[in-house]
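One file, final.cif, carrying mmCIF, C-alpha atoms, pLDDT in the B column; chains and numbers go by the auth columns:
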data_upload
#
loop_
_atom_site.group_PDB
_atom_site.id
_atom_site.type_symbol
_atom_site.label_atom_id
_atom_site.label_comp_id
_atom_site.label_asym_id
_atom_site.label_seq_id
_atom_site.Cartn_x
_atom_site.Cartn_y
_atom_site.Cartn_z
_atom_site.B_iso_or_equiv
_atom_site.auth_seq_id
_atom_site.auth_asym_id
ATOM 1 C CA MET A 1 -3.725 -29.654 41.475 76.00 1 C
ATOM 2 C CA LEU A 2 -5.516 -30.789 38.325 67.00 2 C
ATOM 3 C CA SER A 3 -7.532 -27.571 38.209 73.00 3 C
ATOM 4 C CA GLU A 4 -4.281 -25.560 38.297 77.00 4 C
ATOM 5 C CA ARG A 5 -3.015 -27.573 35.356 74.00 5 C
ATOM 6 C CA PHE A 6 -6.231 -26.838 33.427 66.00 6 C
ATOM 7 C CA ASP A 7 -5.771 -23.132 34.148 73.00 7 C
ATOM 8 C CA GLU A 8 -2.219 -23.300 32.771 79.00 8 C
ATOM 9 C CA TRP A 9 -3.403 -25.100 29.632 73.00 9 C
ATOM 10 C CA GLU A 10 -6.185 -22.584 29.123 70.00 10 C
ATOM 11 C CA ALA A 11 -3.778 -19.643 29.438 68.00 11 C
ATOM 12 C CA GLN A 12 -1.348 -21.283 27.006 74.00 12 C
ATOM 13 C CA PHE A 13 -4.140 -22.038 24.533 66.00 13 C
ATOM 14 C CA LEU A 14 -5.412 -18.442 24.643 63.00 14 C
ATOM 15 C CA ARG A 15 -1.898 -17.006 24.246 71.00 15 C
ATOM 16 C CA GLN A 16 -1.215 -19.196 21.202 72.00 16 C
ATOM 17 C CA GLY A 17 -4.550 -18.208 19.692 65.00 17 C
ATOM 18 C CA ARG A 18 -3.807 -14.509 20.110 62.00 18 C
ATOM 19 C CA GLU A 19 -0.345 -14.900 18.571 64.00 19 C
ATOM 20 C CA ALA A 20 -1.762 -16.802 15.596 64.00 20 C
ATOM 21 C CA GLY A 21 -4.495 -14.192 15.170 63.00 21 C
ATOM 22 C CA LEU A 22 -1.982 -11.349 15.183 65.00 22 C
ATOM 23 C CA LYS A 23 0.228 -13.116 12.637 72.00 23 C
ATOM 24 C CA ASP A 24 -2.762 -13.780 10.372 81.00 24 C
ATOM 25 C CA GLY A 25 -3.826 -10.139 10.661 83.00 25 C
ATOM 26 C CA GLU A 26 -0.337 -8.913 9.786 90.00 26 C
ATOM 27 C CA ALA A 27 -0.188 -11.231 6.763 92.00 27 C
ATOM 28 C CA THR A 28 -3.616 -10.069 5.592 93.00 28 C
ATOM 29 C CA MET A 29 -2.692 -6.394 5.946 93.00 29 C
ATOM 30 C CA LEU A 30 0.610 -6.857 4.105 95.00 30 C
ATOM 31 C CA THR A 31 -1.186 -8.711 1.298 96.00 31 C
ATOM 32 C CA LEU A 32 -3.710 -5.885 0.960 95.00 32 C
ATOM 33 C CA LEU A 33 -0.962 -3.263 0.858 95.00 33 C
ATOM 34 C CA LEU A 34 1.056 -5.245 -1.687 96.00 34 C
ATOM 35 C CA ARG A 35 -2.006 -5.596 -3.929 96.00 35 C
ATOM 36 C CA LYS A 36 -2.730 -1.879 -3.625 95.00 36 C
ATOM 37 C CA ARG A 37 0.835 -0.999 -4.610 95.00 37 C
ATOM 38 C CA PHE A 38 1.710 -3.687 -7.171 95.00 38 C
ATOM 39 C CA GLY A 39 -1.622 -5.035 -8.411 95.00 39 C
ATOM 40 C CA GLU A 40 -2.751 -8.651 -8.392 95.00 40 C
ATOM 41 C CA LEU A 41 -0.174 -10.846 -6.653 96.00 41 C
ATOM 42 C CA PRO A 42 1.223 -14.112 -7.976 95.00 42 C
ATOM 43 C CA GLU A 43 0.275 -17.192 -5.966 96.00 43 C
ATOM 44 C CA SER A 44 3.925 -17.622 -4.978 94.00 44 C
ATOM 45 C CA VAL A 45 3.916 -14.221 -3.251 94.00 45 C
ATOM 46 C CA ARG A 46 0.613 -14.883 -1.477 95.00 46 C
ATOM 47 C CA ALA A 47 1.946 -18.244 -0.267 95.00 47 C
ATOM 48 C CA ARG A 48 5.213 -16.708 0.889 94.00 48 C
ATOM 49 C CA VAL A 49 3.423 -14.022 2.902 95.00 49 C
ATOM 50 C CA SER A 50 1.030 -16.583 4.419 92.00 50 C
ATOM 51 C CA ALA A 51 3.922 -18.807 5.506 93.00 51 C
ATOM 52 C CA ALA A 52 6.093 -15.991 6.871 93.00 52 C
ATOM 53 C CA GLY A 53 6.826 -15.471 10.518 90.00 53 C
ATOM 54 C CA PRO A 54 6.142 -12.251 12.411 89.00 54 C
ATOM 55 C CA ASP A 55 9.685 -10.920 11.976 90.00 55 C
ATOM 56 C CA GLU A 56 9.601 -11.350 8.191 93.00 56 C
ATOM 57 C CA LEU A 57 6.172 -9.756 7.936 92.00 57 C
ATOM 58 C CA GLU A 58 7.369 -6.751 9.914 91.00 58 C
ATOM 59 C CA ARG A 59 10.539 -6.396 7.838 93.00 59 C
ATOM 60 C CA TRP A 60 8.612 -6.615 4.553 95.00 60 C
ATOM 61 C CA GLY A 61 6.028 -4.141 5.830 93.00 61 C
ATOM 62 C CA GLU A 62 8.746 -1.614 6.579 92.00 62 C
ATOM 63 C CA ARG A 63 10.550 -2.226 3.270 93.00 63 C
ATOM 64 C CA LEU A 64 7.325 -1.842 1.304 93.00 64 C
ATOM 65 C CA LEU A 65 7.734 1.924 1.498 90.00 65 C
ATOM 66 C CA GLU A 66 11.260 1.796 0.072 93.00 66 C
ATOM 67 C CA VAL A 67 11.090 -0.658 -2.850 94.00 67 C
ATOM 68 C CA SER A 68 9.844 -0.291 -6.401 94.00 68 C
ATOM 69 C CA SER A 69 9.028 -3.949 -7.158 94.00 69 C
ATOM 70 C CA LEU A 70 7.979 -7.204 -5.518 93.00 70 C
ATOM 71 C CA SER A 71 11.290 -8.835 -6.385 91.00 71 C
ATOM 72 C CA GLU A 72 13.141 -6.020 -4.644 94.00 72 C
ATOM 73 C CA LEU A 73 10.946 -6.406 -1.563 93.00 73 C
ATOM 74 C CA PHE A 74 11.766 -10.092 -1.180 89.00 74 C
ATOM 75 C CA MET A 75 15.492 -9.837 -1.954 85.00 75 C
ATOM 76 C CA GLU A 76 17.699 -10.891 0.925 65.00 76 C
ATOM 77 C CA GLU A 77 19.324 -7.962 2.666 49.00 77 C
#

So that I can check it, write out the structure of this file as structure tokens.
Amino acid sequence: MLSERFDEWEAQFLRQGREAGLKDGEATMLTLLLRKRFGELPESVRARVSAAGPDELERWGERLLEVSSLSELFMEE
């Protein structure tokens, strides 16, 4: 019974690690694309991207192709 519980914990730990890794990768890629398009980023933008959830990162990534400024990218829809 205890070994089953350890297996559950291990699976949960690995799943959380993968999710965190994906989120970090998405944030890194968005930061690179923003820098390529708009130049050096203010600390406030880097912090906002780092703190964003997966849904926000995806939405900003899609909008990146449609906006002409950082302020337009982060405007609420």

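Among the candidates C:Met1, C:Lys23, C:Gln12, C:Lys36, the residue lying nearest to Leu64 in chain C is C:Lys36 (atoms considered: all atoms listed in the file).
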
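From CA of Pro54 in chain C back to CA of Ser69 in chain C, the distance works out to 21.5 Å.
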
Check: Mind telling me what the PyMOL selection byres ((chain C and resi 30) around 9) catches here, as number ranges by chain?
Finding: C: 25-29, 31-35, 49, 57-58, 60-61, 64

Item checked: Length of the CA of Ser68 in chain C to CA of Arg37 in chain C vector [Å] ->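 Separating CA of Ser68 in chain C from CA of Arg37 in chain C is a distance of 9.2 Å.
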
Padding 5 Å on every side, please: axis-aligned box over the listed atoms of range 3-8 of chain C, centre and edge lengths to one decimal in Å, as AutoDock Vina command-line options.
--center_x -4.9 --center_y -25.4 --center_z 35.5 --size_x 15.3 --size_y 14.4 --size_z 15.5

Next item on the list: Please measure the separation of CA of Ser44 in chain C and CA of Leu70 in chain C, giving the value in Å to one decimal.
Entry: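 CA of Ser44 in chain C sits 11.2 Å away from CA of Leu70 in chain C.
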
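Counting all atoms listed in the file and comparing C:Phe38, C:Gly53, C:Arg46, C:Gln16, the residue that lies closest to Val67 in chain C is C:Phe38.
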
Would you save chain C from the block above with C-alpha atoms, as a PDB file, in the first residue's frame?
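The resulting file, part-v2.pdb, is reproduced below:
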ATOM      1  CA  MET C   1       0.000   0.000   0.000  1.00  0.00           C
ATOM      2  CA  LEU C   2       2.800   2.419   0.850  1.00  0.00           C
ATOM      3  CA  SER C   3       4.621   1.580  -2.377  1.00  0.00           C
ATOM      4  CA  GLU C   4       1.469   2.459  -4.355  1.00  0.00           C
ATOM      5  CA  ARG C   5       1.358   5.805  -2.595  1.00  0.00           C
ATOM      6  CA  PHE C   6       5.013   6.444  -3.511  1.00  0.00           C
ATOM      7  CA  ASP C   7       4.205   5.635  -7.139  1.00  0.00           C
ATOM      8  CA  GLU C   8       1.349   8.160  -7.070  1.00  0.00           C
ATOM      9  CA  TRP C   9       3.599  10.831  -5.553  1.00  0.00           C
ATOM     10  CA  GLU C  10       6.298  10.151  -8.118  1.00  0.00           C
ATOM     11  CA  ALA C  11       3.829  10.453 -11.008  1.00  0.00           C
ATOM     12  CA  GLN C  12       2.438  13.695  -9.570  1.00  0.00           C
ATOM     13  CA  PHE C  13       5.933  15.106  -9.046  1.00  0.00           C
ATOM     14  CA  LEU C  14       6.965  14.281 -12.626  1.00  0.00           C
ATOM     15  CA  ARG C  15       3.752  15.751 -14.071  1.00  0.00           C
ATOM     16  CA  GLN C  16       4.230  19.005 -12.147  1.00  0.00           C
ATOM     17  CA  GLY C  17       7.844  19.191 -13.280  1.00  0.00           C
ATOM     18  CA  ARG C  18       6.875  18.765 -16.925  1.00  0.00           C
ATOM     19  CA  GLU C  19       4.166  21.428 -16.648  1.00  0.00           C
ATOM     20  CA  ALA C  20       6.582  23.873 -15.016  1.00  0.00           C
ATOM     21  CA  GLY C  21       9.203  23.125 -17.668  1.00  0.00           C
ATOM     22  CA  LEU C  22       6.741  23.754 -20.486  1.00  0.00           C
ATOM     23  CA  LYS C  23       5.600  27.036 -18.933  1.00  0.00           C
ATOM     24  CA  ASP C  24       9.207  28.177 -18.482  1.00  0.00           C
ATOM     25  CA  GLY C  25       9.980  27.254 -22.090  1.00  0.00           C
ATOM     26  CA  GLU C  26       6.962  29.178 -23.368  1.00  0.00           C
ATOM     27  CA  ALA C  27       7.939  32.240 -21.317  1.00  0.00           C
ATOM     28  CA  THR C  28      11.518  32.063 -22.595  1.00  0.00           C
ATOM     29  CA  MET C  29      10.402  31.760 -26.220  1.00  0.00           C
ATOM     30  CA  LEU C  30       7.949  34.657 -25.899  1.00  0.00           C
ATOM     31  CA  THR C  31      10.662  36.809 -24.303  1.00  0.00           C
ATOM     32  CA  LEU C  32      13.049  36.034 -27.161  1.00  0.00           C
ATOM     33  CA  LEU C  33      10.414  36.869 -29.767  1.00  0.00           C
ATOM     34  CA  LEU C  34       9.460  40.101 -28.001  1.00  0.00           C
ATOM     35  CA  ARG C  35      13.116  41.171 -27.859  1.00  0.00           C
ATOM     36  CA  LYS C  36      13.562  40.345 -31.541  1.00  0.00           C
ATOM     37  CA  ARG C  37      10.522  42.425 -32.483  1.00  0.00           C
ATOM     38  CA  PHE C  38      10.672  45.334 -30.020  1.00  0.00           C
ATOM     39  CA  GLY C  39      14.271  45.453 -28.801  1.00  0.00           C
ATOM     40  CA  GLU C  40      15.450  45.330 -25.203  1.00  0.00           C
ATOM     41  CA  LEU C  41      12.511  44.765 -22.854  1.00  0.00           C
ATOM     42  CA  PRO C  42      11.766  46.741 -19.705  1.00  0.00           C
ATOM     43  CA  GLU C  43      12.074  44.777 -16.470  1.00  0.00           C
ATOM     44  CA  SER C  44       8.324  45.144 -15.936  1.00  0.00           C
ATOM     45  CA  VAL C  45       7.623  43.256 -19.176  1.00  0.00           C
ATOM     46  CA  ARG C  46      10.138  40.512 -18.383  1.00  0.00           C
ATOM     47  CA  ALA C  47       8.588  40.104 -14.922  1.00  0.00           C
ATOM     48  CA  ARG C  48       5.071  40.027 -16.336  1.00  0.00           C
ATOM     49  CA  VAL C  49       5.969  37.316 -18.849  1.00  0.00           C
ATOM     50  CA  SER C  50       7.784  35.274 -16.180  1.00  0.00           C
ATOM     51  CA  ALA C  51       4.774  35.428 -13.855  1.00  0.00           C
ATOM     52  CA  ALA C  52       2.171  34.678 -16.531  1.00  0.00           C
ATOM     53  CA  GLY C  53       0.214  31.477 -16.732  1.00  0.00           C
ATOM     54  CA  PRO C  54       0.096  29.217 -19.782  1.00  0.00           C
ATOM     55  CA  ASP C  55      -3.127  30.740 -21.126  1.00  0.00           C
ATOM     56  CA  GLU C  56      -1.736  34.286 -21.023  1.00  0.00           C
ATOM     57  CA  LEU C  57       1.515  33.217 -22.652  1.00  0.00           C
ATOM     58  CA  GLU C  58      -0.391  31.542 -25.469  1.00  0.00           C
ATOM     59  CA  ARG C  59      -2.668  34.548 -25.984  1.00  0.00           C
ATOM     60  CA  TRP C  60       0.276  36.974 -26.058  1.00  0.00           C
ATOM     61  CA  GLY C  61       2.178  34.695 -28.427  1.00  0.00           C
ATOM     62  CA  GLU C  62      -0.718  34.732 -30.866  1.00  0.00           C
ATOM     63  CA  ARG C  63      -1.256  38.497 -30.531  1.00  0.00           C
ATOM     64  CA  LEU C  64       2.432  39.195 -31.100  1.00  0.00           C
ATOM     65  CA  LEU C  65       1.851  38.858 -34.833  1.00  0.00           C
ATOM     66  CA  GLU C  66      -0.967  41.416 -34.808  1.00  0.00           C
ATOM     67  CA  VAL C  67       0.280  44.285 -32.616  1.00  0.00           C
ATOM     68  CA  SER C  68       2.654  47.148 -33.294  1.00  0.00           C
ATOM     69  CA  SER C  69       3.807  47.864 -29.718  1.00  0.00           C
ATOM     70  CA  LEU C  70       4.342  46.225 -26.340  1.00  0.00           C
ATOM     71  CA  SER C  71       1.587  48.305 -24.771  1.00  0.00           C
ATOM     72  CA  GLU C  72      -0.845  47.091 -27.416  1.00  0.00           C
ATOM     73  CA  LEU C  73       0.173  43.484 -26.779  1.00  0.00           C
ATOM     74  CA  PHE C  74      -0.600  43.698 -23.070  1.00  0.00           C
ATOM     75  CA  MET C  75      -3.841  45.686 -23.370  1.00  0.00           C
ATOM     76  CA  GLU C  76      -6.864  43.836 -22.061  1.00  0.00           C
ATOM     77  CA  GLU C  77      -9.087  42.537 -24.821  1.00  0.00           C
TER      78      GLU C  77
END
